[in-house]
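Engineer: Quick one, data.cif (mmCIF, C-alpha atoms):
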data_model
#
loop_
_atom_site.group_PDB
_atom_site.id
_atom_site.type_symbol
_atom_site.label_atom_id
_atom_site.label_comp_id
_atom_site.auth_asym_id
_atom_site.auth_seq_id
_atom_site.Cartn_x
_atom_site.Cartn_y
_atom_site.Cartn_z
ATOM 1 C CA MET A 53 130.953 78.907 388.902
ATOM 2 C CA ALA A 54 133.385 77.983 386.127
ATOM 3 C CA PRO A 55 133.954 74.239 385.672
ATOM 4 C CA LEU A 56 137.077 72.683 387.163
ATOM 5 C CA GLN A 57 140.041 72.691 384.787
ATOM 6 C CA ARG A 58 142.357 69.773 385.571
ATOM 7 C CA ILE A 59 146.019 69.567 384.621
ATOM 8 C CA VAL A 60 146.654 66.450 382.530
ATOM 9 C CA THR A 61 149.957 64.562 382.696
ATOM 10 C CA LEU A 62 151.176 61.864 380.316
ATOM 11 C CA THR A 63 153.337 58.867 381.194
ATOM 12 C CA THR A 64 153.857 56.474 378.266
ATOM 13 C CA ASP A 65 156.311 54.126 376.591
ATOM 14 C CA PHE A 66 155.697 55.759 373.197
ATOM 15 C CA GLY A 67 159.104 57.452 372.965
ATOM 16 C CA ILE A 68 159.903 60.652 371.112
ATOM 17 C CA THR A 69 160.475 59.413 367.555
ATOM 18 C CA GLU A 70 156.879 58.491 366.665
ATOM 19 C CA HIS A 71 153.600 60.383 366.306
ATOM 20 C CA TYR A 72 151.801 58.686 369.185
ATOM 21 C CA VAL A 73 152.234 61.307 371.914
ATOM 22 C CA GLY A 74 151.429 64.114 369.489
ATOM 23 C CA ALA A 75 148.235 62.361 368.398
ATOM 24 C CA MET A 76 147.139 61.922 372.013
ATOM 25 C CA LYS A 77 147.730 65.592 372.756
ATOM 26 C CA GLY A 78 145.791 66.564 369.638
ATOM 27 C CA ALA A 79 142.817 64.471 370.735
ATOM 28 C CA ILE A 80 142.875 66.153 374.160
ATOM 29 C CA TYR A 81 143.180 69.692 372.768
ATOM 30 C CA ASN A 82 140.431 69.057 370.194
ATOM 31 C CA ILE A 83 138.029 68.513 373.110
ATOM 32 C CA ASN A 84 139.521 71.133 375.418
ATOM 33 C CA PRO A 85 141.773 73.708 373.710
ATOM 34 C CA ALA A 86 142.402 75.267 377.129
ATOM 35 C CA ALA A 87 143.821 72.032 378.596
ATOM 36 C CA GLN A 88 147.211 72.043 380.307
ATOM 37 C CA VAL A 89 149.046 68.902 379.228
ATOM 38 C CA VAL A 90 152.380 68.048 380.850
ATOM 39 C CA ASP A 91 154.725 65.171 380.024
ATOM 40 C CA ILE A 92 156.008 63.238 383.027
ATOM 41 C CA CYS A 93 157.870 60.753 380.825
ATOM 42 C CA ASN A 94 157.281 59.219 377.402
ATOM 43 C CA SER A 95 160.379 57.017 377.544
ATOM 44 C CA VAL A 96 159.221 54.283 379.904
ATOM 45 C CA HIS A 97 160.863 51.031 378.771
ATOM 46 C CA SER A 98 158.610 49.391 376.199
ATOM 47 C CA TYR A 99 155.937 47.145 377.743
ATOM 48 C CA ASP A 100 157.624 47.458 381.175
ATOM 49 C CA LEU A 101 154.854 47.856 383.744
ATOM 50 C CA LEU A 102 157.232 48.044 386.713
ATOM 51 C CA ASP A 103 159.288 50.782 385.072
ATOM 52 C CA GLY A 104 156.086 52.707 384.318
ATOM 53 C CA ALA A 105 154.806 52.220 387.859
ATOM 54 C CA LEU A 106 158.109 53.453 389.325
ATOM 55 C CA THR A 107 158.184 56.466 387.011
ATOM 56 C CA LEU A 108 154.656 57.505 387.919
ATOM 57 C CA ALA A 109 155.132 56.885 391.649
ATOM 58 C CA GLN A 110 158.132 59.215 391.719
ATOM 59 C CA ALA A 111 156.306 62.158 390.145
ATOM 60 C CA TYR A 112 152.530 62.171 390.616
ATOM 61 C CA SER A 113 152.395 63.691 394.100
ATOM 62 C CA TYR A 114 154.297 66.842 393.092
ATOM 63 C CA TYR A 115 151.301 68.063 391.098
ATOM 64 C CA PRO A 116 148.372 70.106 392.426
ATOM 65 C CA PRO A 117 145.314 68.289 393.790
ATOM 66 C CA ASN A 118 142.806 67.158 391.125
ATOM 67 C CA THR A 119 145.522 66.649 388.521
ATOM 68 C CA LEU A 120 144.630 63.877 386.055
ATOM 69 C CA HIS A 121 147.523 61.481 385.452
ATOM 70 C CA VAL A 122 147.134 59.573 382.174
ATOM 71 C CA VAL A 123 149.312 56.462 381.986
ATOM 72 C CA VAL A 124 149.579 54.407 378.804
ATOM 73 C CA VAL A 125 151.973 51.496 379.069
ATOM 74 C CA ASP A 126 149.676 48.958 377.542
ATOM 75 C CA PRO A 127 151.008 45.642 376.197
ATOM 76 C CA GLY A 128 147.442 44.300 376.349
ATOM 77 C CA VAL A 129 145.897 46.965 374.092
ATOM 78 C CA GLY A 130 142.940 45.578 372.141
ATOM 79 C CA THR A 131 142.405 42.639 374.512
ATOM 80 C CA ALA A 132 139.800 42.252 377.243
ATOM 81 C CA ARG A 133 141.848 44.365 379.695
ATOM 82 C CA ARG A 134 139.751 47.281 380.958
ATOM 83 C CA PRO A 135 140.372 51.010 380.792
ATOM 84 C CA ILE A 136 140.035 52.377 384.319
ATOM 85 C CA LEU A 137 139.626 55.726 386.023
ATOM 86 C CA ALA A 138 140.994 55.712 389.567
ATOM 87 C CA ASN A 139 140.396 58.354 392.204
ATOM 88 C CA VAL A 140 143.376 57.822 394.505
ATOM 89 C CA GLY A 141 144.220 60.265 397.272
ATOM 90 C CA LYS A 142 144.081 63.801 395.820
ATOM 91 C CA TYR A 143 144.430 62.713 392.196
ATOM 92 C CA LEU A 144 142.743 61.027 389.255
ATOM 93 C CA PHE A 145 144.484 58.334 387.211
ATOM 94 C CA LEU A 146 143.405 57.109 383.793
ATOM 95 C CA ALA A 147 145.136 53.910 382.709
ATOM 96 C CA PRO A 148 144.755 50.354 381.450
ATOM 97 C CA ASP A 149 143.854 47.907 384.212
ATOM 98 C CA ASN A 150 147.140 46.009 384.075
ATOM 99 C CA GLY A 151 148.732 46.913 387.411
ATOM 100 C CA ILE A 152 150.517 50.045 386.202
ATOM 101 C CA LEU A 153 148.989 51.983 389.144
ATOM 102 C CA SER A 154 150.123 49.451 391.777
ATOM 103 C CA LEU A 155 152.777 51.626 393.430
ATOM 104 C CA VAL A 156 150.317 54.515 393.645
ATOM 105 C CA TYR A 157 147.798 52.214 395.313
ATOM 106 C CA GLU A 158 150.508 51.246 397.839
ATOM 107 C CA ARG A 159 151.148 54.871 398.814
ATOM 108 C CA GLU A 160 147.559 56.039 399.194
ATOM 109 C CA GLU A 161 144.665 54.954 401.408
ATOM 110 C CA ALA A 162 141.564 56.318 399.633
ATOM 111 C CA ILE A 163 141.089 54.334 396.414
ATOM 112 C CA SER A 164 138.029 54.270 394.159
ATOM 113 C CA VAL A 165 138.329 52.661 390.722
ATOM 114 C CA ARG A 166 135.844 52.841 387.849
ATOM 115 C CA HIS A 167 135.683 50.753 384.701
ATOM 116 C CA VAL A 168 135.492 53.264 381.836
ATOM 117 C CA THR A 169 132.583 52.057 379.702
ATOM 118 C CA SER A 170 130.892 55.255 378.412
ATOM 119 C CA GLN A 171 131.901 54.861 374.785
ATOM 120 C CA HIS A 172 130.243 58.085 373.653
ATOM 121 C CA TYR A 173 133.286 59.840 375.133
ATOM 122 C CA PHE A 174 135.667 57.828 372.893
ATOM 123 C CA LEU A 175 136.856 58.729 369.416
ATOM 124 C CA GLN A 176 135.094 56.599 366.810
ATOM 125 C CA PRO A 177 135.994 54.224 365.365
ATOM 126 C CA VAL A 178 138.218 52.938 368.171
ATOM 127 C CA SER A 179 141.436 51.422 366.865
ATOM 128 C CA ASN A 180 142.344 47.987 368.198
ATOM 129 C CA THR A 181 145.970 49.076 368.600
ATOM 130 C CA PHE A 182 145.902 52.716 369.752
ATOM 131 C CA HIS A 183 143.619 53.193 372.736
ATOM 132 C CA GLY A 184 145.928 55.992 373.893
ATOM 133 C CA ARG A 185 144.528 58.186 371.124
ATOM 134 C CA ASP A 186 140.989 56.815 370.841
ATOM 135 C CA VAL A 187 140.056 56.036 374.460
ATOM 136 C CA PHE A 188 142.398 57.531 377.045
ATOM 137 C CA ALA A 189 143.074 60.888 375.359
ATOM 138 C CA PRO A 190 139.435 61.844 374.655
ATOM 139 C CA VAL A 191 138.326 60.747 378.120
ATOM 140 C CA ALA A 192 141.184 62.874 379.482
ATOM 141 C CA GLY A 193 139.971 65.794 377.403
ATOM 142 C CA TRP A 194 136.488 65.616 378.908
ATOM 143 C CA LEU A 195 137.830 65.106 382.415
ATOM 144 C CA SER A 196 140.124 68.113 381.970
ATOM 145 C CA LYS A 197 137.006 70.199 381.360
ATOM 146 C CA GLY A 198 135.567 69.077 384.681
ATOM 147 C CA VAL A 199 133.186 66.293 383.611
ATOM 148 C CA ASP A 200 132.326 64.236 386.692
ATOM 149 C CA PRO A 201 134.217 60.924 386.919
ATOM 150 C CA GLU A 202 130.939 59.175 387.792
ATOM 151 C CA LYS A 203 129.779 59.673 384.199
ATOM 152 C CA PHE A 204 132.453 57.356 382.766
ATOM 153 C CA GLY A 205 131.518 54.041 384.354
ATOM 154 C CA GLU A 206 130.719 52.024 387.448
ATOM 155 C CA VAL A 207 132.950 51.348 390.435
ATOM 156 C CA VAL A 208 134.851 48.039 390.387
ATOM 157 C CA THR A 209 136.810 46.340 393.153
ATOM 158 C CA ASP A 210 138.649 43.598 391.232
ATOM 159 C CA PHE A 211 141.193 45.931 389.639
ATOM 160 C CA VAL A 212 144.663 44.551 388.928
ATOM 161 C CA ARG A 213 147.564 45.286 391.246
ATOM 162 C CA PHE A 214 150.978 43.765 391.766
ATOM 163 C CA THR A 215 153.610 43.982 394.478
ATOM 164 C CA ALA A 216 157.040 45.278 393.507
ATOM 165 C CA PRO A 217 159.959 43.022 394.475
ATOM 166 C CA LYS A 218 160.839 43.497 398.154
ATOM 167 C CA PRO A 219 164.259 42.987 399.767
ATOM 168 C CA LYS A 220 164.566 40.102 402.220
ATOM 169 C CA SER A 221 166.770 39.071 405.098
ATOM 170 C CA ALA A 222 168.927 36.072 404.225
ATOM 171 C CA GLY A 223 170.192 35.556 407.778
ATOM 172 C CA ASP A 224 173.651 36.081 409.308
ATOM 173 C CA ASN A 225 173.500 39.884 408.806
ATOM 174 C CA LEU A 226 172.925 39.380 405.069
ATOM 175 C CA PHE A 227 170.183 41.263 403.251
ATOM 176 C CA LYS A 228 169.240 40.588 399.615
ATOM 177 C CA GLY A 229 167.563 42.873 397.116
ATOM 178 C CA ILE A 230 167.672 43.520 393.379
ATOM 179 C CA VAL A 231 168.289 46.329 390.910
ATOM 180 C CA LEU A 232 164.853 47.724 390.080
ATOM 181 C CA LYS A 233 165.972 49.978 387.254
ATOM 182 C CA VAL A 234 168.931 51.638 385.589
ATOM 183 C CA ASP A 235 168.516 55.367 384.989
ATOM 184 C CA LYS A 236 169.905 57.244 381.973
ATOM 185 C CA PHE A 237 173.129 57.998 383.840
ATOM 186 C CA GLY A 238 173.806 54.316 384.434
ATOM 187 C CA ASN A 239 172.980 54.482 388.141
ATOM 188 C CA LEU A 240 171.696 51.178 389.517
ATOM 189 C CA VAL A 241 168.544 51.837 391.549
ATOM 190 C CA THR A 242 167.962 49.011 394.020
ATOM 191 C CA ASN A 243 164.830 48.157 395.987
ATOM 192 C CA ILE A 244 166.562 48.669 399.362
ATOM 193 C CA THR A 245 165.345 51.603 401.486
ATOM 194 C CA PRO A 246 166.300 53.098 404.865
ATOM 195 C CA GLN A 247 163.213 51.417 406.332
ATOM 196 C CA ASP A 248 164.588 48.028 405.305
ATOM 197 C CA LEU A 249 168.131 48.483 406.620
ATOM 198 C CA PRO A 250 168.353 51.612 408.803
ATOM 199 C CA GLN A 251 171.895 50.871 410.057
ATOM 200 C CA LEU A 252 173.276 51.295 406.549
ATOM 201 C CA PHE A 253 171.991 54.846 406.221
ATOM 202 C CA THR A 254 173.258 56.338 409.495
ATOM 203 C CA PRO A 255 175.976 59.041 409.445
ATOM 204 C CA GLN A 256 178.478 56.400 410.615
ATOM 205 C CA PRO A 257 177.238 53.002 409.415
ATOM 206 C CA PRO A 258 178.886 49.794 410.637
ATOM 207 C CA PRO A 259 181.373 48.183 408.240
ATOM 208 C CA PHE A 260 179.511 46.657 405.294
ATOM 209 C CA LYS A 261 179.959 45.086 401.898
ATOM 210 C CA ILE A 262 177.468 45.499 399.070
ATOM 211 C CA SER A 263 177.818 42.843 396.384
ATOM 212 C CA VAL A 264 176.442 43.543 392.920
ATOM 213 C CA GLY A 265 177.356 40.905 390.385
ATOM 214 C CA LYS A 266 181.086 40.295 390.887
ATOM 215 C CA THR A 267 181.716 43.722 392.443
ATOM 216 C CA GLU A 268 181.957 44.495 396.154
ATOM 217 C CA ILE A 269 181.346 48.012 397.453
ATOM 218 C CA SER A 270 182.226 49.204 400.943
ATOM 219 C CA LYS A 271 181.736 52.960 400.703
ATOM 220 C CA MET A 272 178.568 55.021 401.175
ATOM 221 C CA LYS A 273 178.629 58.702 400.204
ATOM 222 C CA THR A 274 176.039 61.455 400.351
ATOM 223 C CA THR A 275 176.411 62.835 396.798
ATOM 224 C CA TYR A 276 177.511 61.591 393.403
ATOM 225 C CA ALA A 277 180.308 64.171 393.286
ATOM 226 C CA GLU A 278 182.010 62.848 396.425
ATOM 227 C CA GLY A 279 183.375 59.829 394.597
ATOM 228 C CA ALA A 280 186.668 59.736 392.745
ATOM 229 C CA PRO A 281 186.449 59.322 388.940
ATOM 230 C CA GLY A 282 185.707 55.674 388.171
ATOM 231 C CA GLU A 283 185.053 54.770 391.803
ATOM 232 C CA VAL A 284 181.922 52.697 392.416
ATOM 233 C CA PHE A 285 180.074 53.492 395.645
ATOM 234 C CA ALA A 286 176.593 53.683 397.158
ATOM 235 C CA VAL A 287 174.297 56.635 397.847
ATOM 236 C CA LEU A 288 170.757 57.151 399.062
ATOM 237 C CA GLY A 289 169.154 58.499 395.897
ATOM 238 C CA SER A 290 166.305 60.941 395.503
ATOM 239 C CA MET A 291 163.880 58.087 394.786
ATOM 240 C CA GLY A 292 164.399 56.907 398.361
ATOM 241 C CA PHE A 293 166.336 53.774 397.341
ATOM 242 C CA LEU A 294 169.936 52.660 397.718
ATOM 243 C CA GLU A 295 171.762 53.365 394.460
ATOM 244 C CA ILE A 296 175.047 51.956 393.154
ATOM 245 C CA VAL A 297 176.783 54.745 391.258
ATOM 246 C CA THR A 298 180.028 56.179 389.972
ATOM 247 C CA ASN A 299 180.968 59.849 389.667
ATOM 248 C CA ARG A 300 180.301 61.129 386.139
ATOM 249 C CA GLY A 301 180.158 57.634 384.747
ATOM 250 C CA SER A 302 177.921 54.618 384.320
ATOM 251 C CA ALA A 303 177.912 52.124 387.164
ATOM 252 C CA GLN A 304 176.014 49.808 384.847
ATOM 253 C CA ASN A 305 178.889 49.742 382.373
ATOM 254 C CA THR A 306 181.621 49.787 385.011
ATOM 255 C CA ILE A 307 180.476 46.688 386.867
ATOM 256 C CA GLY A 308 178.391 44.968 384.188
ATOM 257 C CA ALA A 309 175.151 44.852 386.158
ATOM 258 C CA GLY A 310 171.626 45.790 385.151
ATOM 259 C CA LYS A 311 167.942 45.529 385.966
ATOM 260 C CA GLY A 312 167.220 42.356 387.904
ATOM 261 C CA THR A 313 170.790 41.879 389.158
ATOM 262 C CA GLU A 314 170.850 40.594 392.735
ATOM 263 C CA VAL A 315 172.199 42.950 395.385
ATOM 264 C CA GLY A 316 173.535 41.629 398.685
ATOM 265 C CA VAL A 317 174.270 43.776 401.725
ATOM 266 C CA LYS A 318 176.410 42.178 404.421
ATOM 267 C CA LEU A 319 176.770 44.084 407.686
ATOM 268 C CA GLU A 320 180.184 43.316 409.140
ATOM 269 C CA GLY A 321 179.696 44.876 412.569
#
Please lay out the structure from this file as structure tokens.
Structural biologist:
Amino acid sequence: MAPLQRIVTLTTDFGITEHYVGAMKGAIYNINPAAQVVDICNSVHSYDLLDGALTLAQAYSYYPPNTLHVVVVDPGVGTARRPILANVGKYLFLAPDNGILSLVYEREEAISVRHVTSQHYFLQPVSNTFHGRDVFAPVAGWLSKGVDPEKFGEVVTDFVRFTAPKPKSAGDNLFKGIVLKVDKFGNLVTNITPQDLPQLFTPQPPPFKISVGKTEISKMKTTYAEGAPGEVFAVLGSMGFLEIVTNRGSAQNTIGAGKGTEVGVKLEG
């Protein structure tokens, strides 16, 4: 039987103007020229673990079972933080142990995490500042050829995880959340979901006001194109969160809000 060939995805904050992603791919292909390497996103905000976790959580499950997701958003590179290999649900994840996999852990039940310690799989010498190339990429190359995850290190249970900010009831029909991220279109992605506030997402919601910064919004639409030019309104976005948007424009620029801005939802009815 031919060995398993795993698809490899990359999620990094390396951007597209430097050599880093290309060097990682080269290290993978040098070990397995037949590897399939796919970019999820290499434009995660620099050092932003929550942005990386959100990006990965929105994409990983659309890949075939046994896909290897390599995630390098690594402000602690060269420190005592561990490289880990996580078998979570149907997938493998290779990442620094800094919490970047937290939202994946939240969505899946079966979790087994290994500390990657088998240095004979690394490129030598290992740079103190580029483990993406010297540790994660070569390990990914061997895993893409079907090498058993058990060969890379022992199981650990004290892996790092964090909880993303959750919306909270503030009493008197007031619900408070925050803007989790701003996408490239200037849409403000909040942390409020239909599970948190189901009344808001019904076909005919009760009267409401959404406050973001100094702006109040009282209209919910089903698509971006339903809004008038320059109008700011709310939609349920494809990420499953309430978004504050404007048709063919940047809600971020229009209302002067950004990541971390408080969002209040007041149900009037």
Engineer: Between CA of Val165 (chain A) and CA of Leu137 (chain A), what distance in Å does the model show, to one decimal?
Structural biologist: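 Between these atoms lies a distance of 5.8 Å.
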Engineer: What residues come out when you apply the PyMOL selection byres ((chain A and resi 136) around 9) to this file, written as a PyMOL selection string?
Structural biologist: chain A and resi 134-135+137-138+145-149+165-169+205+211
Engineer: Which residues of region 95-184 of chain A have any atom within 9 Å of an atom in region 216-231 of chain A when counting only C-alpha atoms, and what is the closest pair of atoms for each, with the distance in Å to one decimal? Order the rows by chain and rising number and write it as CSV.
Structural biologist:
residue,atom,partner,partner_atom,distance
A:Leu102,CA,A:Ala216,CA,7.3
A:Ser154,CA,A:Ala216,CA,8.3
A:Leu155,CA,A:Ala216,CA,7.6
Engineer: Counting only C-alpha atoms, which residues of region 155-273 of chain A sit at most 12 Å from some atom of region 89-98 of chain A, and what is each one's closest atom pair with its distance in Å to one decimal, listed by chain and rising residue number, as a tab-separated table?
Structural biologist:
residue	atom	partner	partner_atom	distance
A:Ala189	CA	A:Val89	CA	10.7
A:Ala192	CA	A:Val89	CA	9.9
A:Gly193	CA	A:Val89	CA	9.8
A:Ser196	CA	A:Val89	CA	9.4
A:Lys233	CA	A:His97	CA	10.0
A:Val234	CA	A:His97	CA	10.6
A:Asp235	CA	A:Val96	CA	10.7
A:Lys236	CA	A:Ser95	CA	10.5
Engineer: Could you save the residues just selected, with C-alpha atoms, as a JSON list (two decimals), in the frame of the given file?
Structural biologist:
[["chain", "number", "residue", "atom", "x", "y", "z"],
["A", 189, "ALA", "CA", 143.07, 60.89, 375.36],
["A", 192, "ALA", "CA", 141.18, 62.87, 379.48],
["A", 193, "GLY", "CA", 139.97, 65.79, 377.40],
["A", 196, "SER", "CA", 140.12, 68.11, 381.97],
["A", 233, "LYS", "CA", 165.97, 49.98, 387.25],
["A", 234, "VAL", "CA", 168.93, 51.64, 385.59],
["A", 235, "ASP", "CA", 168.52, 55.37, 384.99],
["A", 236, "LYS", "CA", 169.90, 57.24, 381.97]]
Engineer: At most 12 Å is the cut-off: for each residue in region 89-151 of chain A with any atom that close to an atom of region 174-181 of chain A, write down the nearest atom pair and the distance in Å rounded to one decimal, counting all atoms listed in the file, chain first then increasing number, as JSON lines.
Structural biologist:
{"residue": "A:Asp126", "atom": "CA", "partner": "A:Thr181", "partner_atom": "CA", "distance": 9.7}
{"residue": "A:Pro127", "atom": "CA", "partner": "A:Thr181", "partner_atom": "CA", "distance": 9.7}
{"residue": "A:Gly128", "atom": "CA", "partner": "A:Thr181", "partner_atom": "CA", "distance": 9.2}
{"residue": "A:Val129", "atom": "CA", "partner": "A:Thr181", "partner_atom": "CA", "distance": 5.9}
{"residue": "A:Gly130", "atom": "CA", "partner": "A:Asn180", "partner_atom": "CA", "distance": 4.7}
{"residue": "A:Thr131", "atom": "CA", "partner": "A:Asn180", "partner_atom": "CA", "distance": 8.3}
{"residue": "A:Ala132", "atom": "CA", "partner": "A:Asn180", "partner_atom": "CA", "distance": 11.0}
{"residue": "A:Pro135", "atom": "CA", "partner": "A:Phe174", "partner_atom": "CA", "distance": 11.4}
Engineer: Would you list the contacts of Lys271 (chain A) as an MDAnalysis selection string, taking every protein, DNA or RNA residue within 10 Å and counting all atoms listed in the file, but skipping same-chain residues closer than 5 positions in sequence?
Structural biologist: chainID A and resid 257 259:262 279 283:287
Engineer: For C-alpha atoms, I'd like the residues from the last selection saved as a short mmCIF file (atom, residue, chain, number, x, y, z; two decimals), keeping the file's coordinate frame.
Structural biologist:
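The result, written out as again.cif:
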data_model
loop_
_atom_site.label_atom_id
_atom_site.label_comp_id
_atom_site.auth_asym_id
_atom_site.auth_seq_id
_atom_site.Cartn_x
_atom_site.Cartn_y
_atom_site.Cartn_z
CA PRO A 257 177.24 53.00 409.42
CA PRO A 259 181.37 48.18 408.24
CA PHE A 260 179.51 46.66 405.29
CA LYS A 261 179.96 45.09 401.90
CA ILE A 262 177.47 45.50 399.07
CA GLY A 279 183.38 59.83 394.60
CA GLU A 283 185.05 54.77 391.80
CA VAL A 284 181.92 52.70 392.42
CA PHE A 285 180.07 53.49 395.64
CA ALA A 286 176.59 53.68 397.16
CA VAL A 287 174.30 56.64 397.85
#
Engineer: Of the residues A:Val156, A:Ala86, A:Ala75, A:Ala303, which is the one nearest to Ser113 (chain A), using all atoms listed in the file?
Structural biologist: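 Result for the nearest residue to Ser113 (chain A): A:Val156.
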Engineer: Out of A:Val123, A:Ser290, A:Leu101, A:Ala109, which residue has the shortest atom-to-atom distance to Thr64 (chain A) when counting only C-alpha atoms?
Structural biologist: A:Val123
Engineer: Take CA of Gly151 (chain A) and CA of Tyr114 (chain A) and report the distance between them in Å, one decimal.
Structural biologist: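 Calculated distance between CA of Gly151 (chain A) and CA of Tyr114 (chain A) is 21.5 Å.
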Engineer: Please determine, counting only C-alpha atoms, which residue among A:Gly310, A:Glu70, A:Glu268, A:Ser164 has the shortest atom-to-atom distance to Val208 (chain A).
Structural biologist: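 Going through A:Gly310, A:Glu70, A:Glu268, A:Ser164 one by one, the smallest distance to Val208 (chain A) is for A:Ser164.
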Engineer: If I wrap all listed atoms of region 311-321 of chain A in a box with edges along x, y and z and add 8 Å on each side, what are its centre and edge lengths in Å to one decimal, as AutoDock Vina command-line options?
Structural biologist:
--center_x 173.7 --center_y 43.1 --center_z 399.3 --size_x 29.0 --size_y 20.9 --size_z 42.6
Engineer: Run the PyMOL selection byres ((chain A and resi 58) around 7) against the file shown and list the residues it catches, as a count of residues only.
Structural biologist: 10
Engineer: Report as an mmCIF file with C-alpha atoms, keeping the file's coordinate frame the residues that result from applying the PyMOL selection byres ((chain A and resi 142) around 10) to the structure here.
Structural biologist:
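The resulting file, expr.cif, is shown below:
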data_model
loop_
_atom_site.group_PDB
_atom_site.id
_atom_site.type_symbol
_atom_site.label_atom_id
_atom_site.label_comp_id
_atom_site.auth_asym_id
_atom_site.auth_seq_id
_atom_site.Cartn_x
_atom_site.Cartn_y
_atom_site.Cartn_z
ATOM 1 C CA SER A 113 152.395 63.691 394.100
ATOM 2 C CA TYR A 115 151.301 68.063 391.098
ATOM 3 C CA PRO A 116 148.372 70.106 392.426
ATOM 4 C CA PRO A 117 145.314 68.289 393.790
ATOM 5 C CA ASN A 118 142.806 67.158 391.125
ATOM 6 C CA THR A 119 145.522 66.649 388.521
ATOM 7 C CA LEU A 120 144.630 63.877 386.055
ATOM 8 C CA ASN A 139 140.396 58.354 392.204
ATOM 9 C CA VAL A 140 143.376 57.822 394.505
ATOM 10 C CA GLY A 141 144.220 60.265 397.272
ATOM 11 C CA TYR A 143 144.430 62.713 392.196
ATOM 12 C CA LEU A 144 142.743 61.027 389.255
ATOM 13 C CA GLU A 160 147.559 56.039 399.194
ATOM 14 C CA ALA A 162 141.564 56.318 399.633
ATOM 15 C CA ILE A 163 141.089 54.334 396.414
#
Engineer: Per residue of region 189-242 of chain A within 8 Å of region 295-301 of chain A, which atom pair is closest and at what distance in Å (one decimal), using all atoms listed in the file, listed by chain and increasing number, as CSV?
Structural biologist:
residue,atom,partner,partner_atom,distance
A:Phe237,CA,A:Gly301,CA,7.1
A:Gly238,CA,A:Gly301,CA,7.2
A:Asn239,CA,A:Val297,CA,4.9
A:Leu240,CA,A:Ile296,CA,5.0
A:Val241,CA,A:Glu295,CA,4.6
A:Thr242,CA,A:Glu295,CA,5.8
Engineer: Which value, in Å to one decimal, gives the distance between CA of Ala87 (chain A) and CA of Gln171 (chain A)?
Structural biologist: 21.2 Å
Engineer: Restricting the calculation to all atoms listed in the file: of A:Ala79, A:Ile307, A:Pro258, A:Leu153, which residue gets closest to Gln110 (chain A)?
Structural biologist: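 Ranked by minimum distance to Gln110 (chain A), first place goes to A:Leu153.
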Engineer: So which residues touch Pro255 (chain A) within 12 Å, counting only C-alpha atoms, skipping near sequence neighbours fewer than 6 positions away, as a VMD selection string?
Structural biologist: chain A and resid 272 to 274 287 to 288
Engineer: Please produce a file of the residues just selected, as a compact mmCIF listing (two decimals), keeping the file's coordinate frame, where the atoms kept are C-alpha atoms.
Structural biologist:
# COMPACT_ATOMS: atom_id res chain seq x y z
CA MET A 272 178.57 55.02 401.18
CA LYS A 273 178.63 58.70 400.20
CA THR A 274 176.04 61.46 400.35
CA VAL A 287 174.30 56.64 397.85
CA LEU A 288 170.76 57.15 399.06
Engineer: Given the choices A:Val125, A:Leu62, A:Ala105, A:Ile68, which gets closest to Gln88 (chain A) if the distance is worked out from only C-alpha atoms?
Structural biologist: A:Leu62
